[in-house]
Amino acid sequence: MPGSTKTMGVLTVGGLVMVTAYTVALGSSGWLWFGWVVLGLITLAMAVSRPT
């Protein structure tokens with residue numbers, strides 16, 4: 001995995017932790033979950049399209 005893909009993976013996991021903590025503390029926010037899903041899809045696309 002290239003460094004940028006690893007960084008995106010770490011940011012995606014960190015984002016999941018933050019969105020989950022926000023949801024537990026203050027209630028669900030659809031926009032936060034939508035943003036996390038978009039970030040996850042971008043990370044997945046980076047991992048799939050990496051050069052071989």
# chains A, B, ... in the order shown; residues from 1 in each chain; ligands from 1
$ residues_around --residues "stretch 43-48 of chain A" --least-positions-apart "3" --cutoff "8 Å" --atoms "only C-alpha atoms" --output "ChimeraX atom specification"
/A:1,5,8-9,12,39-40
$ residues_around --residues "A:Trp36" --least-positions-apart "6" --cutoff "9 Å" --atoms "only C-alpha atoms" --output "PyMOL selection string"
chain A and resi 12+15-16+19
$ select_by_dssp --residues "chain A" --states "helix (DSSP H, G or I)" --output "number ranges by chain"
A: 3-26, 30-48
